[in-house]
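Below is one structure, written out as structure tokens; the observations come after it.
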Amino acid sequence: MFPTAGDDLSILTIDIGILIGLLVMARLLDPLRARDRILFGVTTASFLILYALWRWNDTLPPFALSAQSLWPRLFIGFELLAILYTLMSIVILFRSTDRRSEADAAQRALSANNDYPAVDVFICTYDEPLEILERSILSALALDYPNATVWVLDDTRRDWLREYCDRVGARHVTRPDNKGAKAGNLNNALAVTARESNAPVILVLDADFAPRADFLKRTVGLLLSDAEVAIVQTPQFYYNADPIQHNLLAEKNWVDDQRFFFDIFQPAKDGWGCAFCVGTSFVVRRDRLEEVGGFPQQAISEDINLTYTMLARGYRTSWLNEPLSFGLSAEGVPEYITQRARWCLGTIQVALLRNGPLFGRGFSFTQRWHYFHGVLNWLCKPFMVLLLIAPTIYWFGGLPAFEADYHTFLRYGVPALLGQIIYMGWISRARTLPLFMEATHAVTCFAVTATLLSAIVKPFGRPFNITDKGGDRSTPRVHWRLAAIFGLIALSSAASIVWAFVSPYAAGEISSLDFFNLLWAGIAMLIAFIAFLVCFELPRTGDSFETDEAAWLAGEGKVLSCRLLAVSLTSVRFSGPAGNALELAGWRYQIHLEGLGWTDISMVSRFRETVVARLEPTAEQYQRLVVRLFSTSHGNIASEASLSGALAGLLRRGFRGA
């Protein structure tokens, strides 16, 4: 059906022309303009559709009940799911919202009328240590809002936490069992607070999320300004690097995999009226909750289930794209994988509910296909598994995933690949990177695939697996089982390349099909090796927040100026002429920090003009320091990706060794 490829020069000329055209489009078009998003999106979609048609028509062997026929069809089945998901994503990204001006107007209205509805702040906790919990509790108590009550929903019934809440001024709530997991905990608090404060607005926070002081002023007015809005959801931001950023030395050059979802995709879904709750950092109307019977408990993903339960009643979730809270990203690889597998299972469970968005009543066509798109996100993950193992199967099993030479792939595959890479970098505003994004997906693809397979047998009745956070991570950790999987894939891909040249059955000249699979093996080897490095976790120290602000030192009857460079709960780092003027041994000083005042320090070390000092705050100062550090953004993690920086970090890690 499709013309055969021409000579190498003509194909490369076309591909280079397409590349230049795409780069010009990325330079001239603005992702904030709807017409530009549509133009670039349609261009990319055209390349993908052409590629999919070529794959379906020209690269499959005749059907037969044999491995040679069934393996390519299994591969193309998941590949077409991935293409369909990408095409639907492009359509969703045609739209976008920015509700910051609406929030401004709603905040001004609240202030003008001095009418601040009461808010109950729910902090959900299950077995987190105090060092994590205090960040959320103290920041919630410091909210700049005149009428808020903080409730700590303790699902492990800890006496020490009750005593801590009494000491700092929060309310402590427990229940006799853990039925319904997080949703059950929230519903218990809903009933308890209905008898006491009965606030019309509820703010829900996970145990590790610290709200910014103006969180409620930015969201409550927006929530109550439209009767159709039941939930106002804000994005999740993290003050620490996730395991992939951290273990690849890329926290300053590679954004976490959730940034594209929170910063770009949810505003786009909001443009279609289909943004959804993500479990923390959202406000919800109590009357709407009571109308739907509380937080739904049928699935482990109570958040997206809540949104679609509301949608069935005609109420929607609004997305306010502002950094209003900051939490702790999964710190270890197992926790990272557990979290994604739980999200996958929860999405599948909600999809299978009789009253859910696929089979229930009250949903529009748009709402249904948006949810189907979310299901596709997880159904695509096995495609990454197949991508990684396909070259090895070709070289050692003689089974090609699809029958095509590199000439025709250059003609039909490369334009689609270039279009997708450049479009994603453009639409995400530098929040995605080729290779690193694939490696990120590779880390979780086997666990998600296993979750999907187990969900076929038993989709419900599974325990709610929380993401463990906190604890000592000061020593290296190795996840041998996962490392063995990716190490084996990397080695087998490398062996495939060697085998192509040393095999006694190797042809005297490499065919076009062989050359295509050689390139594929090289890419699979690189992705697997990056995922392999991630499995060797580097030590983590305490959270230290970089800054650059003026500060003052007092001691020995002198007051000296300096530049504050970093702050943690236990130390400060500063520089300037004052550093050289200080005596390290035996002297104690004070440093003036914004929000804390004069705080005791003792010298630890000095290198030229830079001093590291031990911070010794009072109990009251410590609480204010917790709020200062964890309820505001300090830019510790990159907000935009840098390919050169990420590659430099990868090279350092590679030479450093696992």
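Ordering of the structure tokens sets the chain letters (A, B, ...), residue numbers begin anew at 1 in every chain, and ligands are numbered from 1 in the order given.
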- Looking only at the backbone, which of the residues in stretch 61-177 of chain A does DSSP tag as strand (DSSP E), as a PyMOL selection string? chain A and resi 119-125+148-154+171-173
Exercise for the section: Name the residues in contact with stretch 417-422 of chain A at a cut-off of 6 Å, using only C-alpha atoms, excluding same-chain residues fewer than 3 positions from it; report them as a list in words. Expected result: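 The residues satisfying every condition are Thr44, Val414 and Gly425 of chain A.
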Using only C-alpha atoms, find each residue in stretch 628-656 of chain A having at least one atom no more than 12 Å away from stretch 519-541 of chain A; report its shortest atom-to-atom pair and that distance in Å (one decimal), rows by chain then rising number, as CSV.
```
residue,atom,partner,partner_atom,distance
A:Ala646,CA,A:Ile530,CA,11.6
A:Leu647,CA,A:Ile530,CA,10.8
A:Gly649,CA,A:Ile530,CA,11.3
A:Leu650,CA,A:Ile530,CA,7.9
A:Leu651,CA,A:Ile530,CA,10.2
A:Arg652,CA,A:Leu533,CA,11.3
A:Arg653,CA,A:Leu533,CA,7.8
A:Gly654,CA,A:Leu533,CA,7.5
A:Phe655,CA,A:Leu533,CA,10.9
A:Arg656,CA,A:Leu533,CA,10.4
```
Can you write just those residues out, C-alpha atoms, as a PDB file, in the first residue's frame?
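Okay, this is what ended up in out_4.pdb:
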```pdb
ATOM      1  CA  ALA A 646      20.842  15.505  32.541  1.00  0.00           C
ATOM      2  CA  LEU A 647      23.340  13.737  30.267  1.00  0.00           C
ATOM      3  CA  GLY A 649      24.701  13.824  35.480  1.00  0.00           C
ATOM      4  CA  LEU A 650      24.135  10.457  33.806  1.00  0.00           C
ATOM      5  CA  LEU A 651      27.773  10.302  32.697  1.00  0.00           C
ATOM      6  CA  ARG A 652      28.985  11.194  36.196  1.00  0.00           C
ATOM      7  CA  ARG A 653      26.823   8.462  37.662  1.00  0.00           C
ATOM      8  CA  GLY A 654      27.921   5.956  35.040  1.00  0.00           C
ATOM      9  CA  PHE A 655      31.620   6.565  35.645  1.00  0.00           C
ATOM     10  CA  ARG A 656      31.021   6.718  39.371  1.00  0.00           C
TER      11      ARG A 656
END
```
| query | Quick one: distance from atom CA of A:Ile18 to atom CA of A:Pro415 in Å, one decimal? | reply |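 So the answer is 6.7 Å.
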Exercise for review: Enumerate the residues of stretch 326-568 of chain A with a DSSP assignment of helix (DSSP H, G or I), computed from the backbone, and present them as an NGL selection string.
Suggested key: :A and (333-352 or 365-379 or 381-397 or 406-427 or 436-457 or 480-502 or 512-534)
Keeping C-alpha atoms, export the residues of the selection given above as a CSV table (one decimal), in the first residue's frame.
```
chain,number,residue,atom,x,y,z
A,333,VAL,CA,12.7,3.0,44.2
A,334,PRO,CA,10.3,0.4,45.9
A,335,GLU,CA,8.1,3.2,47.2
A,336,TYR,CA,8.1,4.9,43.8
A,337,ILE,CA,7.0,1.7,42.1
A,338,THR,CA,4.4,0.9,44.8
A,339,GLN,CA,2.9,4.3,44.4
A,340,ARG,CA,2.5,3.9,40.6
A,341,ALA,CA,1.2,0.4,40.8
A,342,ARG,CA,-1.5,1.6,43.3
A,343,TRP,CA,-2.5,4.4,41.0
A,344,CYS,CA,-2.8,1.8,38.2
A,345,LEU,CA,-5.0,-0.6,40.2
A,346,GLY,CA,-7.2,2.3,41.5
A,347,THR,CA,-7.8,3.6,38.0
A,348,ILE,CA,-8.8,0.1,36.7
A,349,GLN,CA,-11.0,-0.4,39.7
A,350,VAL,CA,-12.9,2.8,39.1
A,351,ALA,CA,-13.3,1.9,35.5
A,352,LEU,CA,-14.9,-1.4,36.4
A,365,PHE,CA,-19.4,11.2,26.1
A,366,THR,CA,-16.5,13.6,26.8
A,367,GLN,CA,-16.3,12.5,30.4
A,368,ARG,CA,-16.2,8.9,29.4
A,369,TRP,CA,-13.5,9.1,26.8
A,370,HIS,CA,-11.4,11.2,29.1
A,371,TYR,CA,-11.5,8.4,31.7
A,372,PHE,CA,-10.9,5.8,29.0
A,373,HIS,CA,-7.8,7.9,28.1
A,374,GLY,CA,-6.7,7.6,31.7
A,375,VAL,CA,-7.1,3.8,31.5
A,376,LEU,CA,-5.0,3.7,28.3
A,377,ASN,CA,-2.2,5.4,30.2
A,378,TRP,CA,-1.7,2.3,32.2
A,379,LEU,CA,-2.6,-0.2,29.4
A,381,LYS,CA,2.9,0.3,30.0
A,382,PRO,CA,3.4,-3.3,28.8
A,383,PHE,CA,4.5,-1.8,25.5
A,384,MET,CA,7.7,-0.5,27.2
A,385,VAL,CA,8.4,-4.1,28.4
A,386,LEU,CA,8.0,-5.3,24.8
A,387,LEU,CA,10.2,-2.5,23.5
A,388,LEU,CA,13.0,-3.6,25.8
A,389,ILE,CA,12.9,-7.3,25.1
A,390,ALA,CA,12.1,-7.2,21.3
A,391,PRO,CA,15.7,-6.9,20.0
A,392,THR,CA,16.9,-9.9,22.1
A,393,ILE,CA,13.9,-12.0,20.8
A,394,TYR,CA,14.9,-11.0,17.3
A,395,TRP,CA,18.6,-11.9,17.5
A,396,PHE,CA,18.3,-15.0,19.6
A,397,GLY,CA,14.9,-16.2,18.7
A,406,TYR,CA,15.7,0.8,8.3
A,407,HIS,CA,15.0,2.5,5.0
A,408,THR,CA,11.3,2.3,5.3
A,409,PHE,CA,11.5,3.1,9.0
A,410,LEU,CA,13.4,6.2,8.2
A,411,ARG,CA,10.7,7.2,5.8
A,412,TYR,CA,7.6,6.5,8.0
A,413,GLY,CA,8.9,5.9,11.6
A,414,VAL,CA,11.4,8.7,12.1
A,415,PRO,CA,9.0,11.6,11.1
A,416,ALA,CA,6.5,10.3,13.7
A,417,LEU,CA,9.3,9.9,16.3
A,418,LEU,CA,10.7,13.4,15.6
A,419,GLY,CA,7.2,14.9,15.7
A,420,GLN,CA,6.3,13.3,19.0
A,421,ILE,CA,9.7,14.3,20.7
A,422,ILE,CA,9.7,17.9,19.5
A,423,TYR,CA,5.9,18.4,20.1
A,424,MET,CA,6.2,17.0,23.7
A,425,GLY,CA,9.1,19.2,24.5
A,426,TRP,CA,7.2,22.2,23.1
A,427,ILE,CA,3.8,21.6,24.6
A,436,PHE,CA,15.0,10.0,30.3
A,437,MET,CA,11.3,9.9,29.9
A,438,GLU,CA,11.5,6.3,28.5
A,439,ALA,CA,13.8,5.3,31.3
A,440,THR,CA,11.4,6.7,33.9
A,441,HIS,CA,8.6,4.6,32.4
A,442,ALA,CA,10.9,1.6,32.2
A,443,VAL,CA,11.5,1.6,36.0
A,444,THR,CA,7.8,1.0,36.7
A,445,CYS,CA,6.7,-0.9,33.6
A,446,PHE,CA,7.2,-4.4,34.9
A,447,ALA,CA,5.4,-3.7,38.2
A,448,VAL,CA,2.5,-2.0,36.4
A,449,THR,CA,2.3,-4.9,33.9
A,450,ALA,CA,2.1,-7.3,36.8
A,451,THR,CA,-0.6,-5.2,38.4
A,452,LEU,CA,-2.6,-5.3,35.2
A,453,LEU,CA,-2.3,-9.0,34.9
A,454,SER,CA,-3.3,-9.6,38.5
A,455,ALA,CA,-6.3,-7.2,38.1
A,456,ILE,CA,-7.6,-9.5,35.4
A,457,VAL,CA,-7.9,-12.2,38.0
A,480,TRP,CA,19.0,-6.5,43.4
A,481,ARG,CA,15.9,-8.1,41.9
A,482,LEU,CA,15.0,-5.0,39.8
A,483,ALA,CA,18.7,-4.4,39.0
A,484,ALA,CA,18.9,-8.0,37.8
A,485,ILE,CA,16.0,-7.5,35.4
A,486,PHE,CA,17.4,-4.3,33.8
A,487,GLY,CA,20.9,-5.6,34.0
A,488,LEU,CA,19.9,-8.7,32.1
A,489,ILE,CA,18.1,-6.7,29.5
A,490,ALA,CA,21.1,-4.4,29.0
A,491,LEU,CA,23.4,-7.3,28.8
A,492,SER,CA,21.2,-9.3,26.4
A,493,SER,CA,20.8,-6.2,24.2
A,494,ALA,CA,24.6,-5.7,24.2
A,495,ALA,CA,25.0,-9.4,23.4
A,496,SER,CA,22.6,-9.1,20.6
A,497,ILE,CA,24.8,-6.4,19.0
A,498,VAL,CA,27.9,-8.6,19.4
A,499,TRP,CA,26.1,-11.7,18.2
A,500,ALA,CA,25.1,-9.9,15.0
A,501,PHE,CA,28.8,-9.8,14.0
A,502,VAL,CA,30.3,-13.0,15.6
A,512,SER,CA,18.5,-3.7,6.3
A,513,LEU,CA,16.3,-5.6,8.8
A,514,ASP,CA,19.3,-6.6,10.8
A,515,PHE,CA,20.6,-3.0,10.8
A,516,PHE,CA,17.3,-1.8,12.0
A,517,ASN,CA,17.3,-4.2,14.9
A,518,LEU,CA,20.9,-3.4,15.8
A,519,LEU,CA,19.9,0.3,16.3
A,520,TRP,CA,16.9,-0.9,18.3
A,521,ALA,CA,19.1,-3.1,20.5
A,522,GLY,CA,21.4,-0.1,21.2
A,523,ILE,CA,18.5,2.1,22.3
A,524,ALA,CA,17.0,-0.7,24.5
A,525,MET,CA,20.5,-1.3,26.0
A,526,LEU,CA,20.8,2.4,26.9
A,527,ILE,CA,17.3,2.7,28.4
A,528,ALA,CA,17.8,-0.5,30.4
A,529,PHE,CA,21.2,0.6,31.6
A,530,ILE,CA,19.8,3.9,32.9
A,531,ALA,CA,17.0,2.0,34.7
A,532,PHE,CA,19.7,-0.3,36.1
A,533,LEU,CA,21.7,2.6,37.6
A,534,VAL,CA,18.5,3.9,39.3
```
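Taking only C-alpha atoms, the non-local environment of A:Thr193 within 12 Å (same-chain residues fewer than 6 positions away omitted) comprises Ala118, Val119, Asp120, Val121, Phe122, Thr149, Val150, Trp151, Val152, Leu153, Arg171, His172, Val173, Leu186, Asn187, Ala199, Pro200, Val201, Ile202 and Arg286 of chain A.
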Using C-alpha atoms, can you export the residues from the last selection as a PDB file, in the first residue's frame?
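The resulting file, again07.pdb, is reproduced below:
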```pdb
ATOM      1  CA  ALA A 118     -15.157  28.040  58.256  1.00  0.00           C
ATOM      2  CA  VAL A 119     -12.766  25.360  57.025  1.00  0.00           C
ATOM      3  CA  ASP A 120     -11.944  21.959  58.489  1.00  0.00           C
ATOM      4  CA  VAL A 121      -8.406  20.897  57.580  1.00  0.00           C
ATOM      5  CA  PHE A 122      -8.077  17.104  57.357  1.00  0.00           C
ATOM      6  CA  THR A 149      -9.613  24.038  62.460  1.00  0.00           C
ATOM      7  CA  VAL A 150      -6.853  21.482  61.934  1.00  0.00           C
ATOM      8  CA  TRP A 151      -7.826  17.829  62.392  1.00  0.00           C
ATOM      9  CA  VAL A 152      -5.163  15.098  62.350  1.00  0.00           C
ATOM     10  CA  LEU A 153      -6.805  11.862  61.169  1.00  0.00           C
ATOM     11  CA  ARG A 171      -7.373  18.213  66.992  1.00  0.00           C
ATOM     12  CA  HIS A 172      -6.698  14.463  67.013  1.00  0.00           C
ATOM     13  CA  VAL A 173      -9.197  11.989  65.507  1.00  0.00           C
ATOM     14  CA  LEU A 186     -11.875  10.704  55.762  1.00  0.00           C
ATOM     15  CA  ASN A 187     -15.495   9.632  56.195  1.00  0.00           C
ATOM     16  CA  ALA A 199     -17.352  23.694  58.502  1.00  0.00           C
ATOM     17  CA  PRO A 200     -18.832  24.067  54.989  1.00  0.00           C
ATOM     18  CA  VAL A 201     -15.392  23.666  53.374  1.00  0.00           C
ATOM     19  CA  ILE A 202     -12.874  20.875  53.886  1.00  0.00           C
ATOM     20  CA  ARG A 286     -19.165  19.534  52.664  1.00  0.00           C
TER      21      ARG A 286
END
```
Given only C-alpha atoms as the counted atoms, nearest of A:Gly221, A:Gly271, A:Gly356, A:Gly557 to A:Ala34
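Among the listed residues, the smallest separation from A:Ala34 belongs to A:Gly271.
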d(atom CA of A:Gly470, atom CA of A:Tyr239) in Å: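 It comes out at 13.3 Å.
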If you count only C-alpha atoms, which residues fall within 12 Å of A:Arg35, apart from same-chain ones fewer than 4 positions away, as number ranges by chain? A: 29-31, 39-42, 93-96
Residue selection dump (N, CA and C atoms) as a PDB file, in the first residue's frame:
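Produced file out_11.pdb, reproduced below:
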```pdb
ATOM      1  N   LEU A  29       5.787  29.048  17.224  1.00  0.00           N
ATOM      2  CA  LEU A  29       4.457  28.883  17.820  1.00  0.00           C
ATOM      3  C   LEU A  29       4.536  28.996  19.338  1.00  0.00           C
ATOM      4  N   ASP A  30       3.420  29.401  19.930  1.00  0.00           N
ATOM      5  CA  ASP A  30       3.331  29.609  21.376  1.00  0.00           C
ATOM      6  C   ASP A  30       2.397  28.565  21.983  1.00  0.00           C
ATOM      7  N   PRO A  31       2.880  27.718  22.883  1.00  0.00           N
ATOM      8  CA  PRO A  31       2.005  26.693  23.468  1.00  0.00           C
ATOM      9  C   PRO A  31       0.883  27.261  24.324  1.00  0.00           C
ATOM     10  N   LEU A  39      -2.525  23.570  15.736  1.00  0.00           N
ATOM     11  CA  LEU A  39      -1.703  23.438  14.534  1.00  0.00           C
ATOM     12  C   LEU A  39      -0.571  22.444  14.743  1.00  0.00           C
ATOM     13  N   PHE A  40       0.170  22.598  15.826  1.00  0.00           N
ATOM     14  CA  PHE A  40       1.292  21.695  16.088  1.00  0.00           C
ATOM     15  C   PHE A  40       0.784  20.290  16.399  1.00  0.00           C
ATOM     16  N   GLY A  41      -0.316  20.220  17.132  1.00  0.00           N
ATOM     17  CA  GLY A  41      -0.874  18.916  17.479  1.00  0.00           C
ATOM     18  C   GLY A  41      -1.349  18.153  16.259  1.00  0.00           C
ATOM     19  N   VAL A  42      -2.029  18.819  15.336  1.00  0.00           N
ATOM     20  CA  VAL A  42      -2.509  18.165  14.119  1.00  0.00           C
ATOM     21  C   VAL A  42      -1.328  17.703  13.270  1.00  0.00           C
ATOM     22  N   LEU A  93      -4.892  18.204  24.747  1.00  0.00           N
ATOM     23  CA  LEU A  93      -4.013  19.361  24.892  1.00  0.00           C
ATOM     24  C   LEU A  93      -4.370  20.513  23.958  1.00  0.00           C
ATOM     25  N   PHE A  94      -5.388  20.343  23.120  1.00  0.00           N
ATOM     26  CA  PHE A  94      -5.888  21.477  22.338  1.00  0.00           C
ATOM     27  C   PHE A  94      -6.391  22.589  23.260  1.00  0.00           C
ATOM     28  N   ARG A  95      -6.880  22.207  24.429  1.00  0.00           N
ATOM     29  CA  ARG A  95      -7.464  23.177  25.365  1.00  0.00           C
ATOM     30  C   ARG A  95      -6.580  23.333  26.598  1.00  0.00           C
ATOM     31  N   SER A  96      -6.821  24.404  27.339  1.00  0.00           N
ATOM     32  CA  SER A  96      -6.125  24.617  28.608  1.00  0.00           C
ATOM     33  C   SER A  96      -6.831  25.729  29.366  1.00  0.00           C
TER      34      SER A  96
END
```
Might you pull out every residue within 9 Å of stretch 564-578 of chain A, with only C-alpha atoms counted and same-chain residues fewer than 2 positions away left off, and present them as a VMD selection string?
chain A and resid 542 to 553 560 to 562 580 to 582 593 601 608 to 617 622 625 to 626 629
Please, could you write that set of residues out with N, CA and C atoms as a JSON list (two decimals), in the first residue's frame?
```
[["chain", "number", "residue", "atom", "x", "y", "z"],
["A", 542, "GLY", "N", 19.72, 15.06, 55.17],
["A", 542, "GLY", "CA", 18.54, 15.81, 55.54],
["A", 542, "GLY", "C", 18.19, 16.86, 54.51],
["A", 543, "ASP", "N", 16.95, 17.27, 54.50],
["A", 543, "ASP", "CA", 16.49, 18.25, 53.52],
["A", 543, "ASP", "C", 17.12, 19.61, 53.80],
["A", 544, "SER", "N", 17.89, 20.09, 52.83],
["A", 544, "SER", "CA", 18.50, 21.41, 52.92],
["A", 544, "SER", "C", 17.99, 22.24, 51.76],
["A", 545, "PHE", "N", 17.59, 23.48, 52.05],
["A", 545, "PHE", "CA", 16.97, 24.32, 51.04],
["A", 545, "PHE", "C", 17.90, 25.45, 50.65],
["A", 546, "GLU", "N", 18.23, 25.50, 49.38],
["A", 546, "GLU", "CA", 19.11, 26.55, 48.90],
["A", 546, "GLU", "C", 18.36, 27.87, 48.83],
["A", 547, "THR", "N", 19.09, 28.95, 49.09],
["A", 547, "THR", "CA", 18.51, 30.28, 49.03],
["A", 547, "THR", "C", 19.64, 31.26, 48.72],
["A", 548, "ASP", "N", 19.30, 32.49, 48.57],
["A", 548, "ASP", "CA", 20.30, 33.55, 48.37],
["A", 548, "ASP", "C", 19.68, 34.84, 48.89],
["A", 549, "GLU", "N", 19.95, 35.14, 50.15],
["A", 549, "GLU", "CA", 19.33, 36.30, 50.78],
["A", 549, "GLU", "C", 20.28, 36.91, 51.80],
["A", 550, "ALA", "N", 20.03, 38.16, 52.08],
["A", 550, "ALA", "CA", 20.87, 38.86, 53.06],
["A", 550, "ALA", "C", 20.56, 38.37, 54.47],
["A", 551, "ALA", "N", 21.59, 38.28, 55.28],
["A", 551, "ALA", "CA", 21.42, 37.88, 56.68],
["A", 551, "ALA", "C", 22.46, 38.63, 57.51],
["A", 552, "TRP", "N", 22.28, 38.54, 58.84],
["A", 552, "TRP", "CA", 23.19, 39.25, 59.75],
["A", 552, "TRP", "C", 23.71, 38.31, 60.81],
["A", 553, "LEU", "N", 24.98, 38.50, 61.17],
["A", 553, "LEU", "CA", 25.60, 37.71, 62.22],
["A", 553, "LEU", "C", 25.94, 38.62, 63.40],
["A", 560, "LEU", "N", 27.67, 41.68, 61.73],
["A", 560, "LEU", "CA", 28.27, 41.59, 60.40],
["A", 560, "LEU", "C", 27.25, 41.10, 59.39],
["A", 561, "SER", "N", 27.35, 41.59, 58.17],
["A", 561, "SER", "CA", 26.44, 41.14, 57.11],
["A", 561, "SER", "C", 27.01, 39.90, 56.44],
["A", 562, "CYS", "N", 26.13, 39.09, 55.83],
["A", 562, "CYS", "CA", 26.55, 37.91, 55.08],
["A", 562, "CYS", "C", 25.46, 37.55, 54.09],
["A", 580, "ASN", "N", 35.10, 35.20, 57.09],
["A", 580, "ASN", "CA", 36.52, 35.25, 57.44],
["A", 580, "ASN", "C", 36.77, 35.93, 58.77],
["A", 581, "ALA", "N", 35.81, 36.72, 59.21],
["A", 581, "ALA", "CA", 36.00, 37.48, 60.45],
["A", 581, "ALA", "C", 35.66, 36.67, 61.69],
["A", 582, "LEU", "N", 35.12, 35.44, 61.48],
["A", 582, "LEU", "CA", 34.66, 34.65, 62.61],
["A", 582, "LEU", "C", 35.73, 33.65, 63.05],
["A", 593, "LEU", "N", 17.51, 35.35, 60.90],
["A", 593, "LEU", "CA", 16.82, 34.74, 59.78],
["A", 593, "LEU", "C", 15.41, 35.28, 59.69],
["A", 601, "ILE", "N", 23.72, 29.92, 66.77],
["A", 601, "ILE", "CA", 24.45, 29.00, 65.92],
["A", 601, "ILE", "C", 25.80, 28.71, 66.56],
["A", 608, "ARG", "N", 37.28, 29.03, 52.94],
["A", 608, "ARG", "CA", 37.42, 30.39, 52.44],
["A", 608, "ARG", "C", 36.35, 31.26, 53.09],
["A", 609, "GLU", "N", 35.42, 31.83, 52.29],
["A", 609, "GLU", "CA", 34.42, 32.72, 52.88],
["A", 609, "GLU", "C", 33.11, 32.02, 53.19],
["A", 610, "THR", "N", 33.05, 30.72, 52.97],
["A", 610, "THR", "CA", 31.81, 29.98, 53.19],
["A", 610, "THR", "C", 31.88, 29.22, 54.51],
["A", 611, "VAL", "N", 30.85, 29.41, 55.34],
["A", 611, "VAL", "CA", 30.80, 28.80, 56.67],
["A", 611, "VAL", "C", 29.57, 27.91, 56.77],
["A", 612, "VAL", "N", 29.74, 26.74, 57.36],
["A", 612, "VAL", "CA", 28.63, 25.88, 57.73],
["A", 612, "VAL", "C", 28.53, 25.91, 59.25],
["A", 613, "ALA", "N", 27.32, 26.20, 59.74],
["A", 613, "ALA", "CA", 27.14, 26.32, 61.19],
["A", 613, "ALA", "C", 25.96, 25.48, 61.64],
["A", 614, "ARG", "N", 26.05, 24.99, 62.86],
["A", 614, "ARG", "CA", 24.95, 24.23, 63.46],
["A", 614, "ARG", "C", 23.90, 25.22, 63.95],
["A", 615, "LEU", "N", 22.66, 24.99, 63.58],
["A", 615, "LEU", "CA", 21.56, 25.87, 63.96],
["A", 615, "LEU", "C", 20.94, 25.35, 65.26],
["A", 616, "GLU", "N", 20.74, 26.23, 66.22],
["A", 616, "GLU", "CA", 20.25, 25.83, 67.54],
["A", 616, "GLU", "C", 19.05, 26.70, 67.94],
["A", 617, "PRO", "N", 17.91, 26.50, 67.28],
["A", 617, "PRO", "CA", 16.74, 27.33, 67.57],
["A", 617, "PRO", "C", 16.06, 26.92, 68.87],
["A", 622, "TYR", "N", 12.00, 26.67, 66.25],
["A", 622, "TYR", "CA", 12.02, 25.44, 65.46],
["A", 622, "TYR", "C", 10.70, 25.25, 64.71],
["A", 625, "LEU", "N", 10.59, 27.58, 61.92],
["A", 625, "LEU", "CA", 11.52, 27.16, 60.89],
["A", 625, "LEU", "C", 10.93, 26.05, 60.03],
["A", 626, "VAL", "N", 10.24, 25.11, 60.65],
["A", 626, "VAL", "CA", 9.57, 24.04, 59.90],
["A", 626, "VAL", "C", 8.60, 24.64, 58.89],
["A", 629, "LEU", "N", 10.50, 26.43, 55.99],
["A", 629, "LEU", "CA", 11.19, 25.57, 55.03],
["A", 629, "LEU", "C", 10.24, 24.75, 54.17]]
```
